[in-house]
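Worksheet: the structure to be examined is printed underneath.
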Amino acid sequence: MTDNNDLRAMMFRLDRRQMISGMAALGALAGVPLRQAIGQEGGRKQIPVPGGEFAPVPIAIPNFSAGTPGDAEVGVGVAQVITNNLKRSGLFAPIDQAAFLEKQVNIDAPPNLNNWASIKAQALVVGRMTRQGNGRVKAEFRLWDVGTGQQLAGQSYDTSAEYWRRIAHIISDQIYERMTGEKGYFDTRVVFVDESGAADRRVKRLALMDQDGANVRYLTRGSDLVLTPRFSPSTQEITYMEFGQGDPRVYLLNIETGQREIVGNFPGMSFSPRFSPDGQRVIMSLQQGGNSNLFVMDLRSKSMTRLTDTPAIDTSPSYAPDGTRLCFESDRGGKPQIYVMPATGGAAQRISFGDGTYSTPVWSPRGDYIAFTKQGGGQFAIGIMKPDGSGERILTSGFHNEGPTFAPNGRVVMFFRDPGGNSGPSLFTIDVSGRNELRVPTPGFASDPAWSPLLS
């Protein structure tokens with residue numbers, strides 16, 4: 001069988017309406033800008049993102065108060081998840097709780113903002129977790145502008161107690177959106193390939209986790225090699241490749257029910273399956289002899305359409321968010337480069353022209369960038385460029401960085417780094433400014449990440 005690295009080179013959904021009932025705003029929202037780093041646009045708080053000189057916004061997040069002593073641990077946990085989310089975004093600088101003059105704040109009264117201004121906080125998050133008679137939990141929060149004394153946001157949620165982490169992610173998204181004017185990305189999940197065992201006998205399983213590395217669960221048993229999982233726009237289905245007995249197969253897997261189906265049996269090798277933006281089609285690369293071309297399958301009719309027909313290796317296709325164009329990797333010019341063409345096929349335009357080779361392109365959900373892996377000079381870099389090839393920027397470089405995937409707001413890229421030898425790959429995130437690289441915790445080695453859309 002082909003070596004795993006060669007293969008790479010070639011190629012819980014819970015509805016918020018089910019989980020949260022009775023969501024209501026807490027008080028009027030003000031449109032007054034936070035000081036210094038935050039401007040105003042259309043009544044929203046605006047942190048400049050990203051690029052240019054920027055200092056993360058100091059924000060205070062005390063532990064959420066609890067209605068009963070038994071819920072105190074949950075209140076601490078919610079505040080910690082929000083703190084970690086905002087800190088990892090690179091746009092916020094949560095203040096150490098040891099500096100707080102007040103350890104908890106009454107959510108029912110305006111806070112004494114002088115206490116928070118004195119420790120240089122520009123924003124304050126106040127919250128409470130209350131156990132209801134039916135066993136459910138009421139979660140409340142308020143976001144305050146310390147400089148103006150205005151409440152910026154406030155919401156109340158009613159949910160089952162086991163979903164407290166999900167509530168923390170949703171609150172994080174609301175804070176992020178209110179203060180940046182852009183959608184957050186914390187209430188999302190990542191599917192990836194969990195790797196364990198010795199390097200020459202590596203066991204690979206599909207795994208699913210929250211974007212911060214929590215709540216890991218396994219989707220396959222590891223009996224067969226799996227590669228390149230990708231989310232459907234619906235967030236409850238993924239497509240992936242599996243190498244078992246015989247030819248490799250492309251599967252669809254419902255991550256809630258565990259039900260899976262074969263997209264199709266294809267002669268030779270298939271690579272890099274990915275959904276169209278409407279979720280109705282899967283595009284992939286199929287090997288035929290010494291070359292490979294791009295094909296798209298309609299999931300309802302199972303009909304296949306060939307998109308490229310060249311004596312080259314065309315692989316790693318990715319749709320633009322509007323579904324009208326594709327980017328893909330091809331060596332038709334002599335070495336792997338990135339090309340863009342209409343989603344229905346036709347003339348392809350090369351957009352990468354730097355030194356080295358380019359691979360694994362993926363289009364941002366915002367449509368403004370294409371992320372890629374670039375190899376040259378013994379280094380593997382993760383970078384971005386505009387869809388016309390201009391504005392190329394390297395975000396991070398090192399040994400064997402690969403497989404970029406965008407957060408649903410297009411502001412953060414996740415990828416994996418494999419140092420080789422007896423160690424294994426790990427997941428990392430970096431924002432599109434290239435200034436905030438962080439490792440994502442996983443139970444073991446991890447590769448081939450794919451970020452979900454925001455959970456609905």
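Labels for the structure tokens follow display order: chains A, B, ..., residues from 1 in each chain, ligands from 1.
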| said: So that I can check the surroundings of segment 397-406 of chain A, please list as a VMD selection string every protein, DNA and RNA residue that reaches within 7 Å of it, counting only C-alpha atoms and ignoring chain neighbours fewer than 2 positions away. | reply: chain A and resid 360 362 364 371 to 373 379 to 382 408 410 412 to 419 448 to 451
Prev. selection, C-alpha atoms, output as a PDB file, in the first residue's frame:
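Once everything was written out, this is result_4.pdb:
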ATOM      1  CA  THR A 360      -3.867  21.584  -0.117  1.00  0.00           C
ATOM      2  CA  VAL A 362      -8.868  25.675   0.813  1.00  0.00           C
ATOM      3  CA  SER A 364     -12.073  30.840   3.209  1.00  0.00           C
ATOM      4  CA  ALA A 371      -5.109  29.045   2.450  1.00  0.00           C
ATOM      5  CA  PHE A 372      -2.409  26.647   1.283  1.00  0.00           C
ATOM      6  CA  THR A 373       0.647  24.572   2.170  1.00  0.00           C
ATOM      7  CA  GLN A 379      10.319  24.085   5.093  1.00  0.00           C
ATOM      8  CA  PHE A 380       6.558  23.562   5.021  1.00  0.00           C
ATOM      9  CA  ALA A 381       4.696  26.849   5.372  1.00  0.00           C
ATOM     10  CA  ILE A 382       1.011  27.627   5.908  1.00  0.00           C
ATOM     11  CA  PRO A 408     -16.307  29.587   9.946  1.00  0.00           C
ATOM     12  CA  GLY A 410     -12.506  33.052   8.179  1.00  0.00           C
ATOM     13  CA  VAL A 412      -8.416  31.676  12.123  1.00  0.00           C
ATOM     14  CA  VAL A 413      -6.708  28.748  10.380  1.00  0.00           C
ATOM     15  CA  MET A 414      -6.144  25.323  11.931  1.00  0.00           C
ATOM     16  CA  PHE A 415      -3.472  22.973  10.567  1.00  0.00           C
ATOM     17  CA  PHE A 416      -1.284  20.090  11.673  1.00  0.00           C
ATOM     18  CA  ARG A 417       2.470  19.886  12.205  1.00  0.00           C
ATOM     19  CA  ASP A 418       4.364  16.585  12.097  1.00  0.00           C
ATOM     20  CA  PRO A 419       8.004  16.703  13.262  1.00  0.00           C
ATOM     21  CA  ASP A 448      -6.141  16.333   8.930  1.00  0.00           C
ATOM     22  CA  PRO A 449      -8.410  18.749  10.853  1.00  0.00           C
ATOM     23  CA  ALA A 450     -11.635  20.121   9.364  1.00  0.00           C
ATOM     24  CA  TRP A 451     -13.587  22.918  11.047  1.00  0.00           C
TER      25      TRP A 451
END
| request: Give me every strand (DSSP E) residue in segment 208-281 of chain A, going by DSSP on the backbone, as a VMD selection string. | output: chain A and resid 208 to 210 217 to 218 225 to 231 237 to 243 249 to 254 260 to 265 270 to 275 281
For the selection you just gave me, I'd like the residues written to a file as an mmCIF file, in the first residue's frame, keeping N, CA and C atoms.
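Saved the output as out04.cif:
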data_model
loop_
_atom_site.group_PDB
_atom_site.id
_atom_site.type_symbol
_atom_site.label_atom_id
_atom_site.label_comp_id
_atom_site.auth_asym_id
_atom_site.auth_seq_id
_atom_site.Cartn_x
_atom_site.Cartn_y
_atom_site.Cartn_z
ATOM 1 N N LEU A 208 -13.963 13.533 16.830
ATOM 2 C CA LEU A 208 -14.704 14.795 16.827
ATOM 3 C C LEU A 208 -14.491 15.475 18.163
ATOM 4 N N MET A 209 -14.311 16.791 18.160
ATOM 5 C CA MET A 209 -14.120 17.529 19.410
ATOM 6 C C MET A 209 -14.669 18.937 19.269
ATOM 7 N N ASP A 210 -14.874 19.611 20.397
ATOM 8 C CA ASP A 210 -15.153 21.038 20.371
ATOM 9 C C ASP A 210 -13.909 21.758 19.862
ATOM 10 N N ARG A 217 -14.766 12.598 21.019
ATOM 11 C CA ARG A 217 -15.352 11.270 20.855
ATOM 12 C C ARG A 217 -14.925 10.703 19.512
ATOM 13 N N TYR A 218 -14.881 9.375 19.450
ATOM 14 C CA TYR A 218 -14.344 8.691 18.277
ATOM 15 C C TYR A 218 -15.472 8.193 17.390
ATOM 16 N N LEU A 225 -7.519 2.422 7.631
ATOM 17 C CA LEU A 225 -6.909 3.739 7.509
ATOM 18 C C LEU A 225 -7.942 4.753 7.028
ATOM 19 N N VAL A 226 -8.012 5.903 7.703
ATOM 20 C CA VAL A 226 -8.930 6.969 7.305
ATOM 21 C C VAL A 226 -8.129 8.243 7.055
ATOM 22 N N LEU A 227 -8.606 9.059 6.106
ATOM 23 C CA LEU A 227 -7.941 10.301 5.737
ATOM 24 C C LEU A 227 -8.972 11.354 5.328
ATOM 25 N N THR A 228 -8.551 12.583 5.399
ATOM 26 C CA THR A 228 -9.236 13.783 4.880
ATOM 27 C C THR A 228 -10.731 13.859 5.204
ATOM 28 N N PRO A 229 -11.119 13.861 6.484
ATOM 29 C CA PRO A 229 -12.530 14.113 6.798
ATOM 30 C C PRO A 229 -12.895 15.563 6.507
ATOM 31 N N ARG A 230 -14.122 15.791 6.047
ATOM 32 C CA ARG A 230 -14.585 17.143 5.740
ATOM 33 C C ARG A 230 -16.048 17.266 6.138
ATOM 34 N N PHE A 231 -16.425 18.418 6.704
ATOM 35 C CA PHE A 231 -17.796 18.647 7.151
ATOM 36 C C PHE A 231 -18.725 19.016 6.013
ATOM 37 N N GLU A 237 -22.988 15.920 9.097
ATOM 38 C CA GLU A 237 -22.478 14.898 8.200
ATOM 39 C C GLU A 237 -21.060 15.231 7.781
ATOM 40 N N ILE A 238 -20.239 14.185 7.662
ATOM 41 C CA ILE A 238 -18.896 14.381 7.137
ATOM 42 C C ILE A 238 -18.677 13.415 5.978
ATOM 43 N N THR A 239 -17.729 13.756 5.128
ATOM 44 C CA THR A 239 -17.265 12.846 4.103
ATOM 45 C C THR A 239 -15.794 12.578 4.369
ATOM 46 N N TYR A 240 -15.339 11.363 4.068
ATOM 47 C CA TYR A 240 -13.945 11.009 4.315
ATOM 48 C C TYR A 240 -13.549 9.837 3.439
ATOM 49 N N MET A 241 -12.247 9.545 3.395
ATOM 50 C CA MET A 241 -11.711 8.409 2.666
ATOM 51 C C MET A 241 -11.364 7.301 3.641
ATOM 52 N N GLU A 242 -11.578 6.066 3.210
ATOM 53 C CA GLU A 242 -11.188 4.920 4.026
ATOM 54 C C GLU A 242 -10.472 3.908 3.148
ATOM 55 N N PHE A 243 -9.354 3.418 3.653
ATOM 56 C CA PHE A 243 -8.578 2.400 2.944
ATOM 57 C C PHE A 243 -8.699 1.091 3.713
ATOM 58 N N ARG A 249 -12.389 3.883 -0.539
ATOM 59 C CA ARG A 249 -13.776 4.287 -0.709
ATOM 60 C C ARG A 249 -14.011 5.649 -0.082
ATOM 61 N N VAL A 250 -14.966 6.366 -0.639
ATOM 62 C CA VAL A 250 -15.399 7.647 -0.086
ATOM 63 C C VAL A 250 -16.729 7.416 0.617
ATOM 64 N N TYR A 251 -16.793 7.808 1.900
ATOM 65 C CA TYR A 251 -17.985 7.579 2.718
ATOM 66 C C TYR A 251 -18.635 8.893 3.126
ATOM 67 N N LEU A 252 -19.939 8.817 3.390
ATOM 68 C CA LEU A 252 -20.664 9.837 4.137
ATOM 69 C C LEU A 252 -20.997 9.248 5.497
ATOM 70 N N LEU A 253 -20.794 10.026 6.547
ATOM 71 C CA LEU A 253 -21.058 9.560 7.905
ATOM 72 C C LEU A 253 -21.894 10.590 8.644
ATOM 73 N N ASN A 254 -23.041 10.159 9.184
ATOM 74 C CA ASN A 254 -23.842 11.015 10.046
ATOM 75 C C ASN A 254 -23.258 10.918 11.451
ATOM 76 N N ARG A 260 -23.558 5.350 8.122
ATOM 77 C CA ARG A 260 -22.693 5.769 7.038
ATOM 78 C C ARG A 260 -23.099 5.075 5.745
ATOM 79 N N GLU A 261 -22.750 5.723 4.650
ATOM 80 C CA GLU A 261 -23.028 5.153 3.337
ATOM 81 C C GLU A 261 -21.867 5.435 2.412
ATOM 82 N N ILE A 262 -21.694 4.562 1.436
ATOM 83 C CA ILE A 262 -20.628 4.734 0.469
ATOM 84 C C ILE A 262 -21.088 5.717 -0.602
ATOM 85 N N VAL A 263 -20.285 6.748 -0.838
ATOM 86 C CA VAL A 263 -20.593 7.665 -1.927
ATOM 87 C C VAL A 263 -20.516 6.920 -3.250
ATOM 88 N N GLY A 264 -19.521 6.051 -3.374
ATOM 89 C CA GLY A 264 -19.387 5.254 -4.586
ATOM 90 C C GLY A 264 -18.133 4.412 -4.531
ATOM 91 N N ASN A 265 -18.098 3.344 -5.312
ATOM 92 C CA ASN A 265 -16.898 2.537 -5.483
ATOM 93 C C ASN A 265 -16.223 2.988 -6.767
ATOM 94 N N SER A 270 -8.965 7.304 -4.909
ATOM 95 C CA SER A 270 -9.728 8.544 -4.808
ATOM 96 C C SER A 270 -9.156 9.368 -3.667
ATOM 97 N N PHE A 271 -9.233 10.690 -3.796
ATOM 98 C CA PHE A 271 -8.595 11.570 -2.832
ATOM 99 C C PHE A 271 -9.452 12.797 -2.542
ATOM 100 N N SER A 272 -9.255 13.323 -1.328
ATOM 101 C CA SER A 272 -9.704 14.669 -0.959
ATOM 102 C C SER A 272 -11.171 14.956 -1.228
ATOM 103 N N PRO A 273 -12.115 14.114 -0.798
ATOM 104 C CA PRO A 273 -13.523 14.452 -1.019
ATOM 105 C C PRO A 273 -13.922 15.678 -0.207
ATOM 106 N N ARG A 274 -14.785 16.505 -0.768
ATOM 107 C CA ARG A 274 -15.242 17.706 -0.064
ATOM 108 C C ARG A 274 -16.634 18.076 -0.563
ATOM 109 N N PHE A 275 -17.481 18.556 0.345
ATOM 110 C CA PHE A 275 -18.843 18.954 0.006
ATOM 111 C C PHE A 275 -18.866 20.265 -0.764
ATOM 112 N N ARG A 281 -23.561 18.060 -3.299
ATOM 113 C CA ARG A 281 -22.581 17.384 -4.137
ATOM 114 C C ARG A 281 -21.306 17.140 -3.344
#
| field | Using only C-alpha atoms: which of A:Ser223, A:Ala168, A:Gly127, A:Phe445 has the shortest distance to Gly77 of chain A | value |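 Among the listed residues, the smallest separation from Gly77 of chain A belongs to A:Ala168.
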| message | Quick one: residues within 8 Å of Leu86 of chain A, only C-alpha atoms, excluding same-chain residues fewer than 6 positions away - as a PyMOL selection string? | response | chain A and resi 92-94+172+176
| request: Please provide the set of residues having any atom within 6 Å of Gln337 of chain A, restricted to only C-alpha atoms, with same-chain residues fewer than 5 positions apart removed, written as an MDAnalysis selection string. | output: chainID A and resid 329:330 352 357:358
| task | For Pro321 of chain A, list every protein, DNA or RNA residue within 9 Å, evaluated using only C-alpha atoms, and leave out those in the same chain fewer than 3 positions away; present the list as a list in words. | result | Ser276, Pro277, Thr324, Arg325, Trp363, Ser364, Pro365, Arg366 and Gly367 of chain A
Atoms kept (N, CA and C atoms) for selection, written as a PDB file, in the first residue's frame:
ATOM      1  N   SER A 276     -19.876  20.422  -1.588  1.00  0.00           N
ATOM      2  CA  SER A 276     -20.194  21.724  -2.159  1.00  0.00           C
ATOM      3  C   SER A 276     -20.850  22.581  -1.079  1.00  0.00           C
ATOM      4  N   PRO A 277     -20.885  23.900  -1.243  1.00  0.00           N
ATOM      5  CA  PRO A 277     -21.464  24.761  -0.204  1.00  0.00           C
ATOM      6  C   PRO A 277     -22.924  24.456   0.112  1.00  0.00           C
ATOM      7  N   THR A 324     -19.496  29.064  -7.005  1.00  0.00           N
ATOM      8  CA  THR A 324     -19.327  29.328  -8.433  1.00  0.00           C
ATOM      9  C   THR A 324     -17.947  28.955  -8.958  1.00  0.00           C
ATOM     10  N   ARG A 325     -16.953  28.844  -8.061  1.00  0.00           N
ATOM     11  CA  ARG A 325     -15.593  28.558  -8.487  1.00  0.00           C
ATOM     12  C   ARG A 325     -14.959  27.484  -7.611  1.00  0.00           C
ATOM     13  N   TRP A 363     -10.595  27.295   0.361  1.00  0.00           N
ATOM     14  CA  TRP A 363     -11.172  28.636   0.244  1.00  0.00           C
ATOM     15  C   TRP A 363     -11.758  29.063   1.584  1.00  0.00           C
ATOM     16  N   SER A 364     -11.519  30.306   1.966  1.00  0.00           N
ATOM     17  CA  SER A 364     -12.073  30.840   3.209  1.00  0.00           C
ATOM     18  C   SER A 364     -13.591  30.946   3.120  1.00  0.00           C
ATOM     19  N   PRO A 365     -14.312  30.701   4.220  1.00  0.00           N
ATOM     20  CA  PRO A 365     -15.766  30.909   4.226  1.00  0.00           C
ATOM     21  C   PRO A 365     -16.168  32.342   3.917  1.00  0.00           C
ATOM     22  N   ARG A 366     -15.261  33.295   4.118  1.00  0.00           N
ATOM     23  CA  ARG A 366     -15.536  34.692   3.787  1.00  0.00           C
ATOM     24  C   ARG A 366     -15.340  34.963   2.298  1.00  0.00           C
ATOM     25  N   GLY A 367     -14.624  34.086   1.615  1.00  0.00           N
ATOM     26  CA  GLY A 367     -14.353  34.262   0.199  1.00  0.00           C
ATOM     27  C   GLY A 367     -13.162  35.142  -0.108  1.00  0.00           C
TER      28      GLY A 367
END
